[in-house]
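S.K.: So I've got this file, structure-v6.cif, and it contains mmCIF, C-alpha atoms, pLDDT in the B column; chains and numbers go by the auth columns:
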data_work
#
loop_
_atom_site.group_PDB
_atom_site.id
_atom_site.type_symbol
_atom_site.label_atom_id
_atom_site.label_comp_id
_atom_site.label_asym_id
_atom_site.label_seq_id
_atom_site.Cartn_x
_atom_site.Cartn_y
_atom_site.Cartn_z
_atom_site.B_iso_or_equiv
_atom_site.auth_seq_id
_atom_site.auth_asym_id
ATOM 1 C CA MET A 1 189.367 -41.925 164.186 42.00 1 R
ATOM 2 C CA SER A 2 192.866 -43.361 164.140 52.00 2 R
ATOM 3 C CA ARG A 3 193.685 -45.756 161.343 54.00 3 R
ATOM 4 C CA ASP A 4 195.031 -48.204 163.933 59.00 4 R
ATOM 5 C CA SER A 5 191.654 -48.333 165.683 63.00 5 R
ATOM 6 C CA ASN A 6 190.402 -50.546 162.835 70.00 6 R
ATOM 7 C CA TYR A 7 192.769 -53.280 163.936 66.00 7 R
ATOM 8 C CA ASP A 8 191.708 -53.757 167.552 74.00 8 R
ATOM 9 C CA HIS A 9 188.287 -55.332 166.961 72.00 9 R
ATOM 10 C CA HIS A 10 189.582 -58.904 166.649 73.00 10 R
ATOM 11 C CA ILE A 11 192.403 -60.604 168.454 71.00 11 R
ATOM 12 C CA SER A 12 193.640 -62.371 165.311 72.00 12 R
ATOM 13 C CA ILE A 13 194.187 -59.266 163.136 79.00 13 R
ATOM 14 C CA PHE A 14 197.638 -57.666 162.938 82.00 14 R
ATOM 15 C CA SER A 15 197.997 -53.909 162.486 82.00 15 R
ATOM 16 C CA PRO A 16 200.315 -52.613 159.712 84.00 16 R
ATOM 17 C CA GLN A 17 202.955 -52.126 162.444 84.00 17 R
ATOM 18 C CA GLY A 18 202.744 -55.821 163.335 83.00 18 R
ATOM 19 C CA ARG A 19 200.905 -55.314 166.635 83.00 19 R
ATOM 20 C CA LEU A 20 198.047 -57.290 168.156 83.00 20 R
ATOM 21 C CA TYR A 21 196.134 -54.594 170.014 84.00 21 R
ATOM 22 C CA GLN A 22 193.813 -56.970 171.837 84.00 22 R
ATOM 23 C CA MET A 23 196.857 -58.695 173.350 86.00 23 R
ATOM 24 C CA GLU A 24 198.233 -55.353 174.498 88.00 24 R
ATOM 25 C CA TYR A 25 194.863 -54.608 176.120 89.00 25 R
ATOM 26 C CA ALA A 26 194.988 -58.031 177.821 89.00 26 R
ATOM 27 C CA PHE A 27 198.414 -57.231 179.291 91.00 27 R
ATOM 28 C CA LYS A 28 197.048 -53.902 180.531 92.00 28 R
ATOM 29 C CA ALA A 29 194.062 -55.609 182.150 92.00 29 R
ATOM 30 C CA ALA A 30 196.297 -58.232 183.758 91.00 30 R
ATOM 31 C CA SER A 31 198.550 -55.594 185.319 90.00 31 R
ATOM 32 C CA SER A 32 195.906 -53.140 186.496 86.00 32 R
ATOM 33 C CA ALA A 33 192.652 -55.078 187.084 84.00 33 R
ATOM 34 C CA SER A 34 193.436 -56.261 190.606 83.00 34 R
ATOM 35 C CA GLY A 35 195.619 -53.298 191.606 86.00 35 R
ATOM 36 C CA LEU A 36 197.978 -55.794 193.274 91.00 36 R
ATOM 37 C CA THR A 37 201.705 -56.274 192.880 94.00 37 R
ATOM 38 C CA GLY A 38 203.234 -59.736 193.137 95.00 38 R
ATOM 39 C CA ILE A 39 206.875 -60.626 193.786 96.00 39 R
ATOM 40 C CA ALA A 40 208.531 -64.014 193.167 96.00 40 R
ATOM 41 C CA LEU A 41 212.095 -64.748 194.256 96.00 41 R
ATOM 42 C CA ARG A 42 214.369 -67.805 194.158 95.00 42 R
ATOM 43 C CA GLY A 43 217.175 -68.115 196.702 93.00 43 R
ATOM 44 C CA SER A 44 219.737 -70.892 197.212 91.00 44 R
ATOM 45 C CA ASP A 45 217.185 -73.463 198.401 90.00 45 R
ATOM 46 C CA THR A 46 213.923 -71.502 198.529 93.00 46 R
ATOM 47 C CA ALA A 47 211.317 -70.038 196.179 95.00 47 R
ATOM 48 C CA VAL A 48 208.984 -67.383 197.586 96.00 48 R
ATOM 49 C CA VAL A 49 205.958 -65.392 196.394 97.00 49 R
ATOM 50 C CA VAL A 50 204.657 -62.275 198.144 96.00 50 R
ATOM 51 C CA THR A 51 201.654 -60.067 197.408 95.00 51 R
ATOM 52 C CA GLN A 52 199.199 -57.742 199.108 92.00 52 R
ATOM 53 C CA ARG A 53 195.988 -58.973 200.657 90.00 53 R
ATOM 54 C CA LYS A 54 193.221 -56.531 199.732 88.00 54 R
ATOM 55 C CA VAL A 55 189.694 -57.231 200.961 86.00 55 R
ATOM 56 C CA PRO A 56 187.394 -55.239 198.638 84.00 56 R
ATOM 57 C CA ASP A 57 184.363 -55.260 200.941 87.00 57 R
ATOM 58 C CA ARG A 58 184.146 -55.242 204.747 86.00 58 R
ATOM 59 C CA LEU A 59 181.341 -57.809 204.587 92.00 59 R
ATOM 60 C CA ILE A 60 183.554 -60.397 202.865 90.00 60 R
ATOM 61 C CA VAL A 61 185.214 -63.010 205.061 89.00 61 R
ATOM 62 C CA PRO A 62 188.904 -61.911 204.893 84.00 62 R
ATOM 63 C CA ASP A 63 190.304 -65.465 204.762 85.00 63 R
ATOM 64 C CA SER A 64 188.398 -66.112 201.529 88.00 64 R
ATOM 65 C CA VAL A 65 190.314 -63.384 199.643 89.00 65 R
ATOM 66 C CA SER A 66 193.569 -64.731 198.227 92.00 66 R
ATOM 67 C CA HIS A 67 195.662 -64.605 195.052 93.00 67 R
ATOM 68 C CA VAL A 68 197.967 -67.439 196.165 96.00 68 R
ATOM 69 C CA PHE A 69 196.835 -70.952 195.246 96.00 69 R
ATOM 70 C CA ASN A 70 198.023 -74.497 195.836 95.00 70 R
ATOM 71 C CA ILE A 71 198.251 -76.615 192.662 97.00 71 R
ATOM 72 C CA THR A 72 200.017 -79.773 193.874 96.00 72 R
ATOM 73 C CA PRO A 73 201.772 -80.487 197.182 94.00 73 R
ATOM 74 C CA LYS A 74 205.010 -79.105 195.677 94.00 74 R
ATOM 75 C CA ILE A 75 203.704 -76.435 193.280 96.00 75 R
ATOM 76 C CA GLY A 76 201.860 -73.194 193.979 97.00 76 R
ATOM 77 C CA VAL A 77 200.996 -70.086 192.014 97.00 77 R
ATOM 78 C CA LEU A 78 200.513 -66.370 192.605 96.00 78 R
ATOM 79 C CA ALA A 79 197.982 -65.110 190.063 96.00 79 R
ATOM 80 C CA THR A 80 197.552 -61.372 189.524 94.00 80 R
ATOM 81 C CA GLY A 81 194.925 -59.821 187.262 93.00 81 R
ATOM 82 C CA MET A 82 191.169 -60.286 186.950 93.00 82 R
ATOM 83 C CA ILE A 83 190.255 -62.606 189.817 91.00 83 R
ATOM 84 C CA ALA A 84 187.700 -64.613 187.809 93.00 84 R
ATOM 85 C CA ASP A 85 190.325 -65.286 185.126 95.00 85 R
ATOM 86 C CA CYS A 86 192.831 -66.191 187.855 95.00 86 R
ATOM 87 C CA HIS A 87 190.433 -68.778 189.258 95.00 87 R
ATOM 88 C CA SER A 88 189.842 -70.203 185.779 96.00 88 R
ATOM 89 C CA ALA A 89 193.603 -70.518 185.177 96.00 89 R
ATOM 90 C CA VAL A 90 194.146 -72.145 188.588 97.00 90 R
ATOM 91 C CA GLN A 91 191.345 -74.644 187.928 97.00 91 R
ATOM 92 C CA ARG A 92 192.960 -75.596 184.612 97.00 92 R
ATOM 93 C CA MET A 93 196.401 -75.899 186.237 97.00 93 R
ATOM 94 C CA ARG A 94 195.025 -78.321 188.826 97.00 94 R
ATOM 95 C CA TYR A 95 193.379 -80.367 186.083 98.00 95 R
ATOM 96 C CA GLU A 96 196.578 -80.495 183.999 97.00 96 R
ATOM 97 C CA ALA A 97 198.683 -81.470 187.031 97.00 97 R
ATOM 98 C CA ALA A 98 196.272 -84.259 188.024 97.00 98 R
ATOM 99 C CA ASP A 99 195.980 -85.493 184.428 97.00 99 R
ATOM 100 C CA PHE A 100 199.780 -85.617 184.021 97.00 100 R
ATOM 101 C CA GLU A 101 200.240 -87.629 187.223 97.00 101 R
ATOM 102 C CA PHE A 102 197.436 -90.014 186.228 97.00 102 R
ATOM 103 C CA LYS A 103 198.976 -90.616 182.784 97.00 103 R
ATOM 104 C CA TYR A 104 202.657 -90.856 183.667 96.00 104 R
ATOM 105 C CA GLY A 105 202.692 -91.957 187.302 96.00 105 R
ATOM 106 C CA TYR A 106 204.749 -89.130 188.772 94.00 106 R
ATOM 107 C CA ALA A 107 204.116 -85.516 189.776 94.00 107 R
ATOM 108 C CA ILE A 108 204.264 -82.882 187.033 96.00 108 R
ATOM 109 C CA PRO A 109 207.482 -80.771 187.088 95.00 109 R
ATOM 110 C CA PRO A 110 206.871 -77.005 187.436 96.00 110 R
ATOM 111 C CA SER A 111 208.475 -76.263 184.054 95.00 111 R
ATOM 112 C CA VAL A 112 206.177 -78.742 182.269 97.00 112 R
ATOM 113 C CA LEU A 113 203.110 -77.222 183.925 97.00 113 R
ATOM 114 C CA ALA A 114 204.256 -73.713 182.959 97.00 114 R
ATOM 115 C CA LYS A 115 204.823 -74.786 179.357 97.00 115 R
ATOM 116 C CA ARG A 116 201.389 -76.412 179.197 97.00 116 R
ATOM 117 C CA MET A 117 199.664 -73.275 180.542 97.00 117 R
ATOM 118 C CA ALA A 118 201.672 -71.123 178.124 96.00 118 R
ATOM 119 C CA ASP A 119 200.627 -73.339 175.205 95.00 119 R
ATOM 120 C CA LEU A 120 196.966 -73.010 176.206 94.00 120 R
ATOM 121 C CA ALA A 121 197.310 -69.232 176.560 94.00 121 R
ATOM 122 C CA GLN A 122 198.951 -68.952 173.141 92.00 122 R
ATOM 123 C CA VAL A 123 196.047 -70.773 171.475 90.00 123 R
ATOM 124 C CA ASN A 124 193.766 -67.991 172.749 86.00 124 R
ATOM 125 C CA THR A 125 195.692 -65.463 170.612 84.00 125 R
ATOM 126 C CA GLN A 126 194.897 -67.286 167.368 83.00 126 R
ATOM 127 C CA SER A 127 191.105 -67.323 167.273 78.00 127 R
ATOM 128 C CA ALA A 128 188.602 -64.477 167.192 74.00 128 R
ATOM 129 C CA SER A 129 186.137 -66.653 169.136 77.00 129 R
ATOM 130 C CA MET A 130 188.386 -66.728 172.223 81.00 130 R
ATOM 131 C CA ARG A 131 189.849 -64.123 174.509 84.00 131 R
ATOM 132 C CA PRO A 132 193.077 -64.382 176.474 89.00 132 R
ATOM 133 C CA LEU A 133 192.891 -64.683 180.252 92.00 133 R
ATOM 134 C CA ALA A 134 193.771 -61.363 181.853 94.00 134 R
ATOM 135 C CA CYS A 135 196.113 -62.831 184.448 95.00 135 R
ATOM 136 C CA VAL A 136 199.835 -63.364 184.966 96.00 136 R
ATOM 137 C CA LEU A 137 200.937 -66.569 186.686 96.00 137 R
ATOM 138 C CA LEU A 138 203.997 -66.626 188.948 97.00 138 R
ATOM 139 C CA ILE A 139 204.600 -70.335 189.488 97.00 139 R
ATOM 140 C CA VAL A 140 206.857 -71.602 192.277 97.00 140 R
ATOM 141 C CA GLY A 141 207.603 -75.241 192.842 95.00 141 R
ATOM 142 C CA VAL A 142 210.167 -77.945 193.459 93.00 142 R
ATOM 143 C CA ASP A 143 211.940 -79.591 190.541 90.00 143 R
ATOM 144 C CA GLU A 144 213.405 -82.986 191.476 86.00 144 R
ATOM 145 C CA GLU A 145 216.634 -82.201 189.618 86.00 145 R
ATOM 146 C CA SER A 146 217.197 -78.485 190.157 86.00 146 R
ATOM 147 C CA GLY A 147 215.265 -77.806 193.385 89.00 147 R
ATOM 148 C CA PRO A 148 213.040 -74.751 193.941 93.00 148 R
ATOM 149 C CA THR A 149 212.173 -72.839 190.784 94.00 149 R
ATOM 150 C CA VAL A 150 210.256 -69.708 189.734 96.00 150 R
ATOM 151 C CA LEU A 151 208.460 -69.419 186.388 97.00 151 R
ATOM 152 C CA LYS A 152 206.298 -66.692 184.885 97.00 152 R
ATOM 153 C CA VAL A 153 203.499 -67.181 182.338 97.00 153 R
ATOM 154 C CA ASP A 154 201.894 -64.163 180.665 95.00 154 R
ATOM 155 C CA PRO A 155 198.579 -63.803 178.744 93.00 155 R
ATOM 156 C CA ALA A 156 200.315 -64.197 175.364 92.00 156 R
ATOM 157 C CA GLY A 157 201.703 -67.628 176.238 93.00 157 R
ATOM 158 C CA HIS A 158 205.283 -66.546 176.909 93.00 158 R
ATOM 159 C CA TYR A 159 206.997 -68.344 179.786 95.00 159 R
ATOM 160 C CA LEU A 160 210.511 -68.305 181.279 95.00 160 R
ATOM 161 C CA PRO A 161 212.281 -69.304 184.509 95.00 161 R
ATOM 162 C CA PHE A 162 213.462 -66.414 186.689 96.00 162 R
ATOM 163 C CA LYS A 163 215.799 -65.696 189.604 94.00 163 R
ATOM 164 C CA GLY A 164 213.361 -62.973 190.611 95.00 164 R
ATOM 165 C CA THR A 165 210.385 -61.383 188.897 96.00 165 R
ATOM 166 C CA ALA A 166 207.241 -59.349 189.509 96.00 166 R
ATOM 167 C CA SER A 167 203.758 -58.821 188.122 95.00 167 R
ATOM 168 C CA GLY A 168 200.901 -56.377 188.555 93.00 168 R
ATOM 169 C CA ALA A 169 200.576 -52.651 189.011 91.00 169 R
ATOM 170 C CA LYS A 170 204.158 -51.912 190.140 92.00 170 R
ATOM 171 C CA GLU A 171 205.906 -54.570 188.059 93.00 171 R
ATOM 172 C CA GLN A 172 208.564 -52.289 186.560 93.00 172 R
ATOM 173 C CA GLU A 173 209.521 -50.681 189.880 95.00 173 R
ATOM 174 C CA ALA A 174 209.807 -54.103 191.532 95.00 174 R
ATOM 175 C CA THR A 175 211.908 -55.426 188.641 95.00 175 R
ATOM 176 C CA ASN A 176 214.294 -52.475 189.004 94.00 176 R
ATOM 177 C CA PHE A 177 214.612 -53.209 192.741 95.00 177 R
ATOM 178 C CA LEU A 178 215.437 -56.881 192.110 95.00 178 R
ATOM 179 C CA GLU A 179 217.897 -56.140 189.283 94.00 179 R
ATOM 180 C CA LYS A 180 220.122 -54.244 191.731 92.00 180 R
ATOM 181 C CA ARG A 181 220.422 -57.448 193.805 90.00 181 R
ATOM 182 C CA VAL A 182 220.623 -59.981 190.978 90.00 182 R
ATOM 183 C CA GLU A 183 224.220 -61.002 191.791 90.00 183 R
ATOM 184 C CA ARG A 184 223.328 -62.002 195.367 90.00 184 R
ATOM 185 C CA ILE A 185 219.817 -63.457 194.966 90.00 185 R
ATOM 186 C CA GLU A 186 220.896 -67.039 194.248 88.00 186 R
ATOM 187 C CA SER A 187 222.944 -67.242 197.460 91.00 187 R
ATOM 188 C CA TYR A 188 220.116 -66.078 199.759 93.00 188 R
ATOM 189 C CA THR A 189 219.014 -68.278 202.656 93.00 189 R
ATOM 190 C CA PHE A 190 215.337 -68.921 203.361 93.00 190 R
ATOM 191 C CA GLU A 191 215.080 -65.936 205.742 93.00 191 R
ATOM 192 C CA GLU A 192 216.946 -63.606 203.359 93.00 192 R
ATOM 193 C CA THR A 193 214.777 -64.657 200.410 94.00 193 R
ATOM 194 C CA VAL A 194 211.503 -64.062 202.274 94.00 194 R
ATOM 195 C CA ARG A 195 212.637 -60.742 203.744 94.00 195 R
ATOM 196 C CA THR A 196 214.048 -59.434 200.464 94.00 196 R
ATOM 197 C CA ALA A 197 210.730 -60.176 198.733 95.00 197 R
ATOM 198 C CA ILE A 198 208.791 -58.395 201.508 95.00 198 R
ATOM 199 C CA VAL A 199 211.187 -55.420 201.468 94.00 199 R
ATOM 200 C CA CYS A 200 210.846 -55.224 197.676 95.00 200 R
ATOM 201 C CA LEU A 201 207.045 -55.104 197.905 94.00 201 R
ATOM 202 C CA GLY A 202 207.150 -52.495 200.688 93.00 202 R
ATOM 203 C CA SER A 203 209.667 -50.396 198.760 93.00 203 R
ATOM 204 C CA VAL A 204 207.669 -50.186 195.518 93.00 204 R
ATOM 205 C CA LEU A 205 204.397 -49.515 197.355 90.00 205 R
ATOM 206 C CA GLY A 206 206.009 -47.031 199.737 86.00 206 R
ATOM 207 C CA SER A 207 204.321 -48.444 202.825 82.00 207 R
ATOM 208 C CA ASP A 208 204.834 -50.724 205.814 83.00 208 R
ATOM 209 C CA PHE A 209 202.699 -53.808 206.406 84.00 209 R
ATOM 210 C CA ARG A 210 201.058 -55.716 209.194 84.00 210 R
ATOM 211 C CA GLY A 211 201.016 -59.502 209.140 85.00 211 R
ATOM 212 C CA ASN A 212 197.419 -59.655 207.881 86.00 212 R
ATOM 213 C CA GLU A 213 198.015 -57.243 204.982 89.00 213 R
ATOM 214 C CA ILE A 214 200.290 -59.446 202.867 93.00 214 R
ATOM 215 C CA GLU A 215 200.393 -63.045 201.691 94.00 215 R
ATOM 216 C CA VAL A 216 203.657 -64.981 201.717 95.00 216 R
ATOM 217 C CA ALA A 217 204.072 -68.531 200.402 96.00 217 R
ATOM 218 C CA CYS A 218 207.155 -70.640 199.782 94.00 218 R
ATOM 219 C CA VAL A 219 208.739 -73.960 198.891 94.00 219 R
ATOM 220 C CA GLN A 220 212.011 -74.921 200.564 89.00 220 R
ATOM 221 C CA GLY A 221 214.510 -77.633 199.605 84.00 221 R
ATOM 222 C CA LYS A 222 214.174 -80.456 197.067 81.00 222 R
ATOM 223 C CA GLU A 223 211.728 -82.306 199.314 82.00 223 R
ATOM 224 C CA GLY A 224 209.871 -79.180 200.381 84.00 224 R
ATOM 225 C CA ARG A 225 206.154 -78.578 200.088 91.00 225 R
ATOM 226 C CA PHE A 226 204.343 -75.443 199.003 94.00 226 R
ATOM 227 C CA ARG A 227 202.837 -73.676 201.994 94.00 227 R
ATOM 228 C CA CYS A 228 201.525 -70.264 203.008 94.00 228 R
ATOM 229 C CA LEU A 229 203.188 -68.611 205.988 94.00 229 R
ATOM 230 C CA THR A 230 200.951 -67.926 208.961 92.00 230 R
ATOM 231 C CA GLU A 231 200.237 -64.404 210.168 91.00 231 R
ATOM 232 C CA GLU A 232 202.541 -64.997 213.157 93.00 232 R
ATOM 233 C CA GLU A 233 205.429 -66.121 210.904 93.00 233 R
ATOM 234 C CA ILE A 234 204.955 -63.075 208.674 93.00 234 R
ATOM 235 C CA GLU A 235 205.009 -60.815 211.741 93.00 235 R
ATOM 236 C CA GLU A 236 208.331 -62.371 212.796 93.00 236 R
ATOM 237 C CA HIS A 237 209.860 -61.506 209.430 92.00 237 R
ATOM 238 C CA LEU A 238 208.410 -57.975 209.535 92.00 238 R
ATOM 239 C CA ASN A 239 209.889 -57.446 213.012 91.00 239 R
ATOM 240 C CA ALA A 240 213.278 -58.708 211.810 92.00 240 R
ATOM 241 C CA ILE A 241 213.137 -56.323 208.836 92.00 241 R
ATOM 242 C CA ALA A 242 212.316 -53.421 211.183 89.00 242 R
ATOM 243 C CA ASP A 243 215.191 -54.394 213.493 87.00 243 R
ATOM 244 C CA ASP A 244 217.632 -54.515 210.549 84.00 244 R
ATOM 245 C CA ALA A 245 216.447 -51.079 209.422 77.00 245 R
ATOM 246 C CA ASP A 246 217.002 -49.620 212.899 73.00 246 R
ATOM 247 C CA ALA A 247 220.474 -51.176 213.258 62.00 247 R
#
Just give me the structure of the file as structure tokens.
M.R.:
Amino acid sequence: MSRDSNYDHHISIFSPQGRLYQMEYAFKAASSASGLTGIALRGSDTAVVVTQRKVPDRLIVPDSVSHVFNITPKIGVLATGMIADCHSAVQRMRYEAADFEFKYGYAIPPSVLAKRMADLAQVNTQSASMRPLACVLLIVGVDEESGPTVLKVDPAGHYLPFKGTASGAKEQEATNFLEKRVERIESYTFEETVRTAIVCLGSVLGSDFRGNEIEVACVQGKEGRFRCLTEEEIEEHLNAIADDADA
């Protein structure tokens, strides 16, 4: 038995190399549990999230399967990982957002919500009686000062704003795709932002989609609201992508 195997029984015990093995296992579970890949992208006046829609059982009502959730009218989240943990995180986000607005009289900014969720996640790394949630949160929302924003919160409680980021099974491949376009991302229009995110997902998965096989949600402008695109709107973007590829 490896000497290091003695250090993965509790989340609060460091190995001699300074590693927390249980946290590494949590990251692995968050990236592989759902088998999904999520993309988040921020253009000039738009923030978009895109992911696959996988229905695990033919008997399940398809509309009930989603990894994209509404938190407030102007904030939404794409949660990838173990679906039960995702639902728990979303429930807590809604509570924190409602509690903030009740206390202070105005809607919670996306960055404050991300920091709060990161703080809660970090507490779970300190006690052997807790376990971290095996989910990664890609938060998109409207900040009253800076407009649409994208933030990422991981199981260890680390959070940062991004121009573009990814989570899930093909996170590294998607990140490489977005890095090649990092100079242009911030100047993208709404249509370019949505289509780049869809193209990125299709590229890393190596497949084409129909409108009912992906979920797309966005916020647009400083007064925009978080909303999921309809199947017909997604089809329009897919057709435009196909036309651009043929041109």
S.K.: Residues of region 31-128 of chain R within 10 Å of region 7-24 of chain R: nearest atom pair and distance (Å, one decimal) for each, counting only C-alpha atoms, sorted by chain and number, as JSON lines?
M.R.:
{"residue": "R:Asn124", "atom": "CA", "partner": "R:Ile11", "partner_atom": "CA", "distance": 8.7}
{"residue": "R:Thr125", "atom": "CA", "partner": "R:Ile11", "partner_atom": "CA", "distance": 6.3}
{"residue": "R:Gln126", "atom": "CA", "partner": "R:Ser12", "partner_atom": "CA", "distance": 5.5}
{"residue": "R:Ser127", "atom": "CA", "partner": "R:Ser12", "partner_atom": "CA", "distance": 5.9}
{"residue": "R:Ala128", "atom": "CA", "partner": "R:Ile11", "partner_atom": "CA", "distance": 5.6}
S.K.: Given the PyMOL selection byres ((chain R and resi 51-55) around 6) and the file above, list the residues it selects as JSON, numbers by chain.
M.R.: {"R": [37, 38, 50, 56, 57, 213, 214, 215]}
S.K.: Determine the residue membership of the PyMOL selection byres ((chain R and resi 148-150) around 7) for the file above and supply it as a ChimeraX atom specification.
M.R.: /R:40-42,45-47,139-143,146-147,151-152,161-163,219-222
S.K.: Can you list what the PyMOL selection byres ((chain R and resi 87) around 12) grabs from this structure, as a list in words?
M.R.: Val65, Ser66, His67, Val68, Phe69, Asn70, Ile71, Val77, Leu78, Ala79, Thr80, Gly81, Met82, Ile83, Ala84, Asp85, Cys86, Ser88, Ala89, Val90, Gln91, Arg92, Met93, Arg94, Leu133, Ala134, Cys135, Val136 and Leu137 of chain R
S.K.: If you take every atom of region 234-245 of chain R that the file lists and fit an axis-aligned box around them with 6 Å extra on each side, what centre and edge lengths come out in Å to one decimal, as lines of an AutoDock Vina configuration file?
M.R.:
center_x = 211.3
center_y = -57.1
center_z = 211.1
size_x = 24.7
size_y = 24.0
size_z = 16.8
S.K.: Between CA of Val48 (chain R) and CA of Ala118 (chain R), what is the spacing in Å?
M.R.: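 According to the coordinates, CA of Ala118 (chain R) and CA of Val48 (chain R) are separated by 21.1 Å.
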S.K.: One decimal, Å: what's the distance from CA of Ser207 (chain R) over to CA of Ala30 (chain R), could you say?
M.R.: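 Calculated distance between CA of Ser207 (chain R) and CA of Ala30 (chain R) is 22.9 Å.
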S.K.: Find, counting only C-alpha atoms, the residue in R:Thr193, R:Thr230, R:Gln122, R:Asn239 that gets nearest to Ser44 (chain R).
M.R.: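 Among R:Thr193, R:Thr230, R:Gln122, R:Asn239, it is R:Thr193 that comes nearest to Ser44 (chain R).
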S.K.: Which of these, R:Val123, R:Ala156, R:Leu138, R:Ala107, has the shortest distance to Tyr25 (chain R) once you count all atoms listed in the file?
M.R.: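 Counting all atoms listed in the file, the residue closest to Tyr25 (chain R) is R:Ala156.
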S.K.: One decimal, Å: what's the distance from CA of Val61 (chain R) over to CA of Leu238 (chain R), could you say?
M.R.: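 Between CA of Val61 (chain R) and CA of Leu238 (chain R) the gap is 24.2 Å.
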S.K.: Please determine, counting all atoms listed in the file, which residue among R:Leu36, R:Phe102, R:Tyr95, R:Ser187 has the shortest atom-to-atom distance to Arg116 (chain R).
M.R.: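 Result for the nearest residue to Arg116 (chain R): R:Tyr95.
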S.K.: I'd like the neighbourhood of region 170-176 of chain R as a list of chain:residue names, where a residue qualifies if any of its atoms comes within 6 Å (using all atoms listed in the file), though same-chain residues fewer than 3 positions away should be ignored.
M.R.: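 Result of the neighbour search: R:Thr37, R:Ala166, R:Ser167, R:Glu179, R:Val204.
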S.K.: With a distance cut-off of 12 Å and all atoms listed in the file, select the neighbouring residues of Asp244 (chain R), excluding the residue or stretch itself and same-chain residues fewer than 2 positions from it, and output the selection as a PyMOL selection string.
M.R.: chain R and resi 192+195-196+199+237-242+246-247
